[in-house]
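Note: the block below is target_24.pdb and it holds PDB, C-alpha atoms, pLDDT in the B column.
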ATOM      1  CA  MET A  10      -0.291 -23.570  47.068  1.00 53.00           C
ATOM      2  CA  LYS A  11       2.523 -24.217  44.652  1.00 55.00           C
ATOM      3  CA  LEU A  12       2.185 -22.833  41.110  1.00 54.00           C
ATOM      4  CA  VAL A  13       3.078 -25.079  38.205  1.00 50.00           C
ATOM      5  CA  PRO A  14       5.874 -23.585  36.125  1.00 54.00           C
ATOM      6  CA  PRO A  15       4.992 -23.088  32.426  1.00 54.00           C
ATOM      7  CA  TYR A  16       7.454 -25.757  31.358  1.00 54.00           C
ATOM      8  CA  HIS A  17       5.849 -28.452  33.500  1.00 56.00           C
ATOM      9  CA  PRO A  18       5.107 -31.614  31.422  1.00 60.00           C
ATOM     10  CA  ILE A  19       1.448 -31.779  32.483  1.00 57.00           C
ATOM     11  CA  LEU A  20       0.867 -28.184  31.433  1.00 52.00           C
ATOM     12  CA  ARG A  21       2.490 -28.920  28.098  1.00 57.00           C
ATOM     13  CA  LEU A  22       0.095 -31.818  27.559  1.00 57.00           C
ATOM     14  CA  LEU A  23      -2.867 -29.562  28.298  1.00 59.00           C
ATOM     15  CA  VAL A  24      -1.709 -26.637  26.160  1.00 59.00           C
ATOM     16  CA  MET A  25      -0.257 -28.508  23.171  1.00 63.00           C
ATOM     17  CA  PRO A  26      -3.599 -29.548  21.608  1.00 64.00           C
ATOM     18  CA  PHE A  27      -4.777 -25.925  21.713  1.00 60.00           C
ATOM     19  CA  VAL A  28      -1.548 -24.689  20.130  1.00 59.00           C
ATOM     20  CA  LEU A  29      -1.755 -27.337  17.417  1.00 61.00           C
ATOM     21  CA  PHE A  30      -5.387 -26.380  16.750  1.00 63.00           C
ATOM     22  CA  LEU A  31      -4.387 -22.751  16.275  1.00 60.00           C
ATOM     23  CA  MET A  32      -1.545 -23.696  13.972  1.00 62.00           C
ATOM     24  CA  VAL A  33      -3.736 -25.915  11.784  1.00 61.00           C
ATOM     25  CA  SER A  34      -6.862 -23.751  11.753  1.00 61.00           C
ATOM     26  CA  ALA A  35      -5.155 -20.438  11.036  1.00 71.00           C
ATOM     27  CA  ARG A  36      -5.314 -19.608   7.352  1.00 81.00           C
ATOM     28  CA  PRO A  37      -2.356 -17.948   5.678  1.00 88.00           C
ATOM     29  CA  VAL A  38      -2.441 -14.171   5.491  1.00 89.00           C
ATOM     30  CA  SER A  39      -2.446 -12.901   1.904  1.00 95.00           C
ATOM     31  CA  VAL A  40       0.010 -10.294   0.634  1.00 96.00           C
ATOM     32  CA  GLN A  41      -2.958  -7.985   0.101  1.00 96.00           C
ATOM     33  CA  GLU A  42      -4.000  -8.319   3.755  1.00 96.00           C
ATOM     34  CA  LYS A  43      -0.422  -7.639   4.856  1.00 97.00           C
ATOM     35  CA  TYR A  44      -0.313  -4.524   2.681  1.00 97.00           C
ATOM     36  CA  ILE A  45      -3.620  -3.273   4.080  1.00 97.00           C
ATOM     37  CA  GLU A  46      -2.452  -3.900   7.635  1.00 97.00           C
ATOM     38  CA  GLN A  47       0.803  -2.027   6.951  1.00 97.00           C
ATOM     39  CA  PHE A  48      -0.727   1.042   5.285  1.00 97.00           C
ATOM     40  CA  LYS A  49      -4.311   1.342   6.569  1.00 97.00           C
ATOM     41  CA  PHE A  50      -3.567   4.052   9.130  1.00 97.00           C
ATOM     42  CA  LEU A  51      -1.592   6.038   6.560  1.00 97.00           C
ATOM     43  CA  ALA A  52      -4.541   5.821   4.141  1.00 96.00           C
ATOM     44  CA  ILE A  53      -6.904   6.974   6.906  1.00 96.00           C
ATOM     45  CA  SER A  54      -4.588   9.836   7.824  1.00 96.00           C
ATOM     46  CA  GLU A  55      -4.463  10.935   4.189  1.00 96.00           C
ATOM     47  CA  MET A  56      -8.264  10.701   4.006  1.00 92.00           C
ATOM     48  CA  ASP A  57      -8.519  13.074   6.950  1.00 93.00           C
ATOM     49  CA  ARG A  58      -6.005  15.451   5.347  1.00 95.00           C
ATOM     50  CA  SER A  59      -7.202  15.350   1.745  1.00 93.00           C
ATOM     51  CA  GLY A  60     -10.761  14.054   1.674  1.00 88.00           C
ATOM     52  CA  ILE A  61      -9.806  11.096  -0.526  1.00 90.00           C
ATOM     53  CA  PRO A  62     -11.535   8.000   0.873  1.00 88.00           C
ATOM     54  CA  ALA A  63      -9.076   5.601   2.479  1.00 91.00           C
ATOM     55  CA  SER A  64     -10.770   2.726   0.651  1.00 90.00           C
ATOM     56  CA  ILE A  65     -10.045   4.338  -2.718  1.00 90.00           C
ATOM     57  CA  LYS A  66      -6.455   5.150  -1.811  1.00 94.00           C
ATOM     58  CA  MET A  67      -5.892   1.651  -0.457  1.00 96.00           C
ATOM     59  CA  ALA A  68      -7.449   0.017  -3.537  1.00 95.00           C
ATOM     60  CA  GLN A  69      -5.290   2.043  -5.902  1.00 96.00           C
ATOM     61  CA  GLY A  70      -2.174   1.418  -3.813  1.00 97.00           C
ATOM     62  CA  LEU A  71      -2.863  -2.321  -3.797  1.00 97.00           C
ATOM     63  CA  LEU A  72      -3.423  -2.398  -7.542  1.00 97.00           C
ATOM     64  CA  GLU A  73      -0.623  -0.085  -8.679  1.00 97.00           C
ATOM     65  CA  SER A  74       2.045  -1.500  -6.366  1.00 98.00           C
ATOM     66  CA  MET A  75       1.005  -5.152  -6.577  1.00 97.00           C
ATOM     67  CA  ALA A  76       0.470  -5.003  -2.802  1.00 97.00           C
ATOM     68  CA  GLY A  77       3.875  -3.400  -2.312  1.00 97.00           C
ATOM     69  CA  ARG A  78       5.721  -5.970  -4.452  1.00 98.00           C
ATOM     70  CA  SER A  79       6.143  -4.041  -7.708  1.00 97.00           C
ATOM     71  CA  GLU A  80       9.531  -2.802  -8.836  1.00 97.00           C
ATOM     72  CA  LEU A  81       8.369   0.801  -8.469  1.00 98.00           C
ATOM     73  CA  ALA A  82       7.198   0.232  -4.890  1.00 98.00           C
ATOM     74  CA  ILE A  83      10.356  -1.609  -3.888  1.00 98.00           C
ATOM     75  CA  GLN A  84      12.966   0.507  -5.693  1.00 98.00           C
ATOM     76  CA  ALA A  85      11.310   3.948  -5.662  1.00 98.00           C
ATOM     77  CA  ASN A  86       8.706   3.777  -2.867  1.00 98.00           C
ATOM     78  CA  ASN A  87       6.202   4.714  -5.594  1.00 98.00           C
ATOM     79  CA  HIS A  88       2.971   2.952  -4.620  1.00 98.00           C
ATOM     80  CA  PHE A  89       0.721   4.705  -7.136  1.00 98.00           C
ATOM     81  CA  GLY A  90       2.669   4.626 -10.402  1.00 96.00           C
ATOM     82  CA  ILE A  91       2.916   8.410 -10.630  1.00 96.00           C
ATOM     83  CA  LYS A  92       5.126   9.541 -13.493  1.00 96.00           C
ATOM     84  CA  CYS A  93       7.398  12.574 -13.250  1.00 96.00           C
ATOM     85  CA  LYS A  94       5.314  15.006 -15.352  1.00 86.00           C
ATOM     86  CA  ASN A  95       6.645  18.491 -16.141  1.00 87.00           C
ATOM     87  CA  ASN A  96       6.527  19.935 -12.646  1.00 86.00           C
ATOM     88  CA  TRP A  97       8.340  17.189 -10.697  1.00 93.00           C
ATOM     89  CA  ASN A  98      11.580  18.386  -9.098  1.00 94.00           C
ATOM     90  CA  GLY A  99      12.240  15.404  -6.831  1.00 96.00           C
ATOM     91  CA  GLU A 100      14.122  12.150  -7.262  1.00 97.00           C
ATOM     92  CA  THR A 101      13.278   9.987 -10.277  1.00 97.00           C
ATOM     93  CA  TYR A 102      13.323   6.337 -11.265  1.00 98.00           C
ATOM     94  CA  GLN A 103      13.474   5.022 -14.824  1.00 97.00           C
ATOM     95  CA  TYR A 104      11.144   2.119 -15.557  1.00 95.00           C
ATOM     96  CA  GLU A 105       9.774   0.570 -18.751  1.00 94.00           C
ATOM     97  CA  ASP A 106       6.031   0.966 -18.565  1.00 91.00           C
ATOM     98  CA  ASP A 107       3.950   2.139 -21.522  1.00 91.00           C
ATOM     99  CA  ASP A 108       6.000   4.720 -23.387  1.00 92.00           C
ATOM    100  CA  TYR A 109       7.319   4.002 -26.885  1.00 94.00           C
ATOM    101  CA  ASN A 110       9.779   5.839 -29.109  1.00 95.00           C
ATOM    102  CA  ALA A 111       9.102   6.851 -32.733  1.00 95.00           C
ATOM    103  CA  SER A 112      10.182   3.382 -33.888  1.00 95.00           C
ATOM    104  CA  GLY A 113       7.633   1.700 -31.662  1.00 94.00           C
ATOM    105  CA  GLN A 114      10.168   0.375 -29.171  1.00 95.00           C
ATOM    106  CA  LEU A 115       9.332   0.360 -25.475  1.00 95.00           C
ATOM    107  CA  ILE A 116      11.429   2.932 -23.639  1.00 94.00           C
ATOM    108  CA  ALA A 117      11.938   3.746 -19.978  1.00 95.00           C
ATOM    109  CA  SER A 118       9.519   6.226 -18.442  1.00 95.00           C
ATOM    110  CA  CYS A 119      10.365   8.720 -15.734  1.00 97.00           C
ATOM    111  CA  PHE A 120       8.610   7.909 -12.458  1.00 98.00           C
ATOM    112  CA  ARG A 121       8.649   9.811  -9.201  1.00 98.00           C
ATOM    113  CA  SER A 122      10.857   8.328  -6.521  1.00 98.00           C
ATOM    114  CA  TYR A 123      10.234   8.857  -2.806  1.00 98.00           C
ATOM    115  CA  SER A 124      12.305   8.417   0.320  1.00 98.00           C
ATOM    116  CA  SER A 125       9.422   6.543   1.973  1.00 98.00           C
ATOM    117  CA  ALA A 126       5.985   5.092   1.326  1.00 97.00           C
ATOM    118  CA  ILE A 127       4.596   7.897   3.491  1.00 97.00           C
ATOM    119  CA  ASP A 128       5.873  10.425   0.964  1.00 98.00           C
ATOM    120  CA  SER A 129       4.297   8.412  -1.849  1.00 98.00           C
ATOM    121  CA  TYR A 130       0.902   8.379  -0.125  1.00 98.00           C
ATOM    122  CA  LYS A 131       1.061  12.120   0.568  1.00 98.00           C
ATOM    123  CA  ASP A 132       2.147  12.979  -2.973  1.00 97.00           C
ATOM    124  CA  HIS A 133      -0.627  10.829  -4.389  1.00 97.00           C
ATOM    125  CA  SER A 134      -3.170  12.861  -2.417  1.00 97.00           C
ATOM    126  CA  ASP A 135      -1.586  16.138  -3.533  1.00 95.00           C
ATOM    127  CA  PHE A 136      -1.428  14.902  -7.124  1.00 94.00           C
ATOM    128  CA  LEU A 137      -5.163  14.165  -7.170  1.00 94.00           C
ATOM    129  CA  MET A 138      -6.125  17.361  -5.342  1.00 94.00           C
ATOM    130  CA  ASN A 139      -4.138  19.597  -7.695  1.00 91.00           C
ATOM    131  CA  ARG A 140      -5.123  18.150 -11.072  1.00 90.00           C
ATOM    132  CA  PRO A 141      -8.189  19.546 -12.889  1.00 91.00           C
ATOM    133  CA  ARG A 142      -8.862  16.044 -14.221  1.00 91.00           C
ATOM    134  CA  TYR A 143      -9.806  14.835 -10.720  1.00 87.00           C
ATOM    135  CA  LYS A 144     -11.516  18.008  -9.448  1.00 87.00           C
ATOM    136  CA  GLU A 145     -15.082  16.691  -9.767  1.00 87.00           C
ATOM    137  CA  LEU A 146     -14.259  13.693  -7.586  1.00 82.00           C
ATOM    138  CA  PHE A 147     -13.880  16.012  -4.601  1.00 81.00           C
ATOM    139  CA  SER A 148     -17.521  17.075  -4.868  1.00 84.00           C
ATOM    140  CA  LEU A 149     -18.586  13.516  -3.979  1.00 80.00           C
ATOM    141  CA  SER A 150     -19.264  12.412  -0.416  1.00 77.00           C
ATOM    142  CA  LYS A 151     -16.325  10.682   1.288  1.00 67.00           C
ATOM    143  CA  THR A 152     -18.586   7.690   1.862  1.00 73.00           C
ATOM    144  CA  ASP A 153     -19.698   7.470  -1.795  1.00 74.00           C
ATOM    145  CA  TYR A 154     -17.173   4.884  -2.934  1.00 69.00           C
ATOM    146  CA  THR A 155     -19.447   3.688  -5.747  1.00 77.00           C
ATOM    147  CA  SER A 156     -19.355   6.939  -7.717  1.00 76.00           C
TER     148      SER A 156
END

Is it possible to express this structure as C-alpha coordinates?
Amino acid sequence: MKLVPPYHPILRLLVMPFVLFLMVSARPVSVQEKYIEQFKFLAISEMDRSGIPASIKMAQGLLESMAGRSELAIQANNHFGIKCKNNWNGETYQYEDDDYNASGQLIASCFRSYSSAIDSYKDHSDFLMNRPRYKELFSLSKTDYTS
(Lines of atoms letter the chains of each structure in order from A and count residues from 1; the text may use other names and numbers.)
(Lines give C-alpha, C1' and ligand atoms only; values in the text may rest on other atoms or scores of the structure.)
Protein backbone atom coordinates (compact mmCIF):
# COMPACT_ATOMS: atom_id res chain seq x y z
CA MET A 1 0.00 0.00 0.00
CA LYS A 2 1.37 3.36 -1.00
CA LEU A 3 0.84 6.29 1.39
CA VAL A 4 -0.31 9.60 -0.04
CA PRO A 5 2.20 12.35 0.70
CA PRO A 6 0.73 15.34 2.60
CA TYR A 7 1.17 17.61 -0.39
CA HIS A 8 -0.93 15.41 -2.68
CA PRO A 9 -3.66 17.48 -4.45
CA ILE A 10 -6.49 15.15 -3.39
CA LEU A 11 -5.47 15.40 0.25
CA ARG A 12 -5.37 19.17 -0.05
CA LEU A 13 -8.93 19.16 -1.38
CA LEU A 14 -10.07 17.06 1.57
CA VAL A 15 -8.23 19.05 4.24
CA MET A 16 -8.74 22.59 2.93
CA PRO A 17 -12.44 22.91 3.90
CA PHE A 18 -11.59 21.88 7.47
CA VAL A 19 -8.72 24.37 7.65
CA LEU A 20 -10.92 27.14 6.28
CA PHE A 21 -13.63 26.26 8.82
CA LEU A 22 -11.13 26.57 11.66
CA MET A 23 -9.86 29.88 10.35
CA VAL A 24 -13.35 31.36 10.02
CA SER A 25 -14.87 29.92 13.19
CA ALA A 26 -12.01 30.76 15.54
CA ARG A 27 -12.70 33.96 17.42
CA PRO A 28 -9.87 36.38 18.11
CA VAL A 29 -8.12 36.00 21.44
CA SER A 30 -8.45 39.11 23.61
CA VAL A 31 -5.46 40.84 25.20
CA GLN A 32 -6.91 39.89 28.58
CA GLU A 33 -6.97 36.20 27.63
CA LYS A 34 -3.38 36.44 26.39
CA TYR A 35 -2.33 38.04 29.67
CA ILE A 36 -4.07 35.35 31.70
CA GLU A 37 -2.47 32.61 29.61
CA GLN A 38 0.97 34.20 30.06
CA PHE A 39 0.78 34.73 33.83
CA LYS A 40 -1.70 32.17 35.20
CA PHE A 41 0.94 29.73 36.45
CA LEU A 42 2.88 32.55 38.10
CA ALA A 43 -0.31 33.69 39.87
CA ILE A 44 -0.96 30.11 41.02
CA SER A 45 2.61 29.74 42.23
CA GLU A 46 2.30 32.97 44.21
CA MET A 47 -1.01 31.74 45.65
CA ASP A 48 0.74 28.62 46.91
CA ARG A 49 3.57 30.71 48.38
CA SER A 50 1.58 33.57 49.87
CA GLY A 51 -2.03 32.48 50.27
CA ILE A 52 -3.29 35.26 47.99
CA PRO A 53 -5.88 33.76 45.64
CA ALA A 54 -4.61 33.54 42.07
CA SER A 55 -7.92 34.97 40.86
CA ILE A 56 -7.41 38.11 42.96
CA LYS A 57 -3.80 38.52 41.88
CA MET A 58 -4.71 37.97 38.24
CA ALA A 59 -7.62 40.43 38.41
CA GLN A 60 -5.46 43.13 39.96
CA GLY A 61 -2.64 42.47 37.49
CA LEU A 62 -5.06 42.72 34.57
CA LEU A 63 -6.55 45.95 35.86
CA GLU A 64 -3.39 47.72 37.02
CA SER A 65 -1.27 46.80 33.99
CA MET A 66 -4.00 47.11 31.36
CA ALA A 67 -3.37 43.43 30.58
CA GLY A 68 0.38 44.04 30.38
CA ARG A 69 0.06 47.05 28.05
CA SER A 70 0.51 49.92 30.51
CA GLU A 71 3.63 52.06 30.49
CA LEU A 72 4.55 50.79 33.96
CA ALA A 73 4.24 47.15 32.88
CA ILE A 74 6.21 47.67 29.69
CA GLN A 75 8.94 50.01 30.95
CA ALA A 76 9.28 48.89 34.59
CA ASN A 77 7.78 45.37 34.69
CA ASN A 78 5.45 46.80 37.36
CA HIS A 79 2.16 44.94 36.90
CA PHE A 80 0.51 46.15 40.10
CA GLY A 81 1.21 49.89 40.20
CA ILE A 82 3.23 49.67 43.41
CA LYS A 83 4.86 52.97 44.32
CA CYS A 84 8.31 53.18 45.90
CA LYS A 85 7.24 53.99 49.48
CA ASN A 86 9.86 54.73 52.15
CA ASN A 87 11.40 51.29 52.39
CA TRP A 88 12.05 50.56 48.69
CA ASN A 89 15.75 50.15 47.89
CA GLY A 90 15.42 48.73 44.37
CA GLU A 91 15.25 50.28 40.93
CA THR A 92 12.68 53.02 40.33
CA TYR A 93 10.65 54.45 37.48
CA GLN A 94 9.18 57.95 37.35
CA TYR A 95 5.62 58.14 36.06
CA GLU A 96 2.87 60.77 36.26
CA ASP A 97 0.02 59.14 38.11
CA ASP A 98 -1.90 60.91 40.87
CA ASP A 99 0.58 63.03 42.79
CA TYR A 100 0.39 66.83 42.67
CA ASN A 101 2.75 69.54 43.89
CA ALA A 102 1.73 72.47 46.13
CA SER A 103 0.60 74.41 43.05
CA GLY A 104 -1.75 71.64 42.00
CA GLN A 105 0.35 70.49 39.06
CA LEU A 106 0.62 66.80 38.28
CA ILE A 107 4.12 65.55 39.06
CA ALA A 108 5.91 62.27 38.45
CA SER A 109 5.55 59.61 41.12
CA CYS A 110 8.20 57.10 42.10
CA PHE A 111 7.21 53.55 41.15
CA ARG A 112 9.05 50.32 41.79
CA SER A 113 10.85 48.90 38.79
CA TYR A 114 11.58 45.19 38.39
CA SER A 115 13.90 43.16 36.21
CA SER A 116 11.02 40.82 35.31
CA ALA A 117 7.29 40.32 35.69
CA ILE A 118 8.11 37.43 38.03
CA ASP A 119 9.75 39.88 40.42
CA SER A 120 6.70 42.14 40.20
CA TYR A 121 4.33 39.29 41.07
CA LYS A 122 6.50 38.20 44.00
CA ASP A 123 6.89 41.73 45.35
CA HIS A 124 3.15 42.29 45.09
CA SER A 125 2.58 39.24 47.30
CA ASP A 126 5.22 40.41 49.79
CA PHE A 127 3.78 43.93 49.74
CA LEU A 128 0.32 42.67 50.68
CA MET A 129 1.59 40.19 53.27
CA ASN A 130 3.72 42.79 55.07
CA ARG A 131 1.29 45.71 55.25
CA PRO A 132 -1.03 46.03 58.28
CA ARG A 133 -3.68 47.48 55.95
CA TYR A 134 -4.13 44.09 54.26
CA LYS A 135 -3.64 41.84 57.31
CA GLU A 136 -7.32 40.98 57.77
CA LEU A 137 -7.55 39.70 54.20
CA PHE A 138 -5.30 36.79 55.13
CA SER A 139 -7.86 35.52 57.65
CA LEU A 140 -10.27 34.79 54.77
CA SER A 141 -10.43 31.42 53.04
CA LYS A 142 -8.41 31.21 49.82
CA THR A 143 -11.61 30.24 48.02
CA ASP A 144 -13.60 33.21 49.40
CA TYR A 145 -13.10 35.56 46.47
CA THR A 146 -16.32 37.45 47.23
CA SER A 147 -15.15 38.84 50.58

### Message
Residue by residue, what does the PyMOL selection byres ((chain A and resi 106) around 8) grab here? Present the result as a VMD selection string.
### Response
chain A and resid 104 to 105 107 to 108 115 to 118

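Distance annotation: of A:Val40, A:Ile45, A:Met75, A:Ile91, the residue with the minimal separation from His133 (chain A) is A:Ile91; atom set is only C-alpha atoms.
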
### Task
Between CA of Thr101 (chain A) and CA of Lys66 (chain A), measure the distance and give it in Å to one decimal.
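CA of Lys66 (chain A) lies 22.0 Å from CA of Thr101 (chain A).
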
### Task
Just give me the gap between CA of Arg121 (chain A) and CA of Ala63 (chain A) in Å, one decimal is fine.
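Calculated distance between CA of Arg121 (chain A) and CA of Ala63 (chain A) is 21.6 Å.
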
### Task
I would like the residues chosen by the PyMOL selection byres ((chain A and resi 120) around 12) on the shown file; could you give them as an NGL selection string?
:A and (80-82 or 84-95 or 97-108 or 117-119 or 121-123 or 129)

#### Entry: Sel. within 7 Å of pt (-1.7, 0.3, 1.3), counting all atoms listed in the file, output as a ChimeraX atom specification
/A:44-45,47-49,52,67,70-71

Create the file for the chosen residues now, containing C-alpha atoms and written as a PDB file, keeping the file's coordinate frame.
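Saved file selection03.pdb follows:
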ATOM      1  CA  TYR A  44      -0.313  -4.524   2.681  1.00 97.00           C
ATOM      2  CA  ILE A  45      -3.620  -3.273   4.080  1.00 97.00           C
ATOM      3  CA  GLN A  47       0.803  -2.027   6.951  1.00 97.00           C
ATOM      4  CA  PHE A  48      -0.727   1.042   5.285  1.00 97.00           C
ATOM      5  CA  LYS A  49      -4.311   1.342   6.569  1.00 97.00           C
ATOM      6  CA  ALA A  52      -4.541   5.821   4.141  1.00 96.00           C
ATOM      7  CA  MET A  67      -5.892   1.651  -0.457  1.00 96.00           C
ATOM      8  CA  GLY A  70      -2.174   1.418  -3.813  1.00 97.00           C
ATOM      9  CA  LEU A  71      -2.863  -2.321  -3.797  1.00 97.00           C
TER      10      LEU A  71
END

### Query
If you count only C-alpha atoms, which residues fall within 9 Å of region 144-148 of chain A, apart from same-chain ones fewer than 5 positions away, as a list in words?
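Result of the neighbour search: Gly60, Ile61, Leu137, Met138, Asn139 and Ser156 of chain A.
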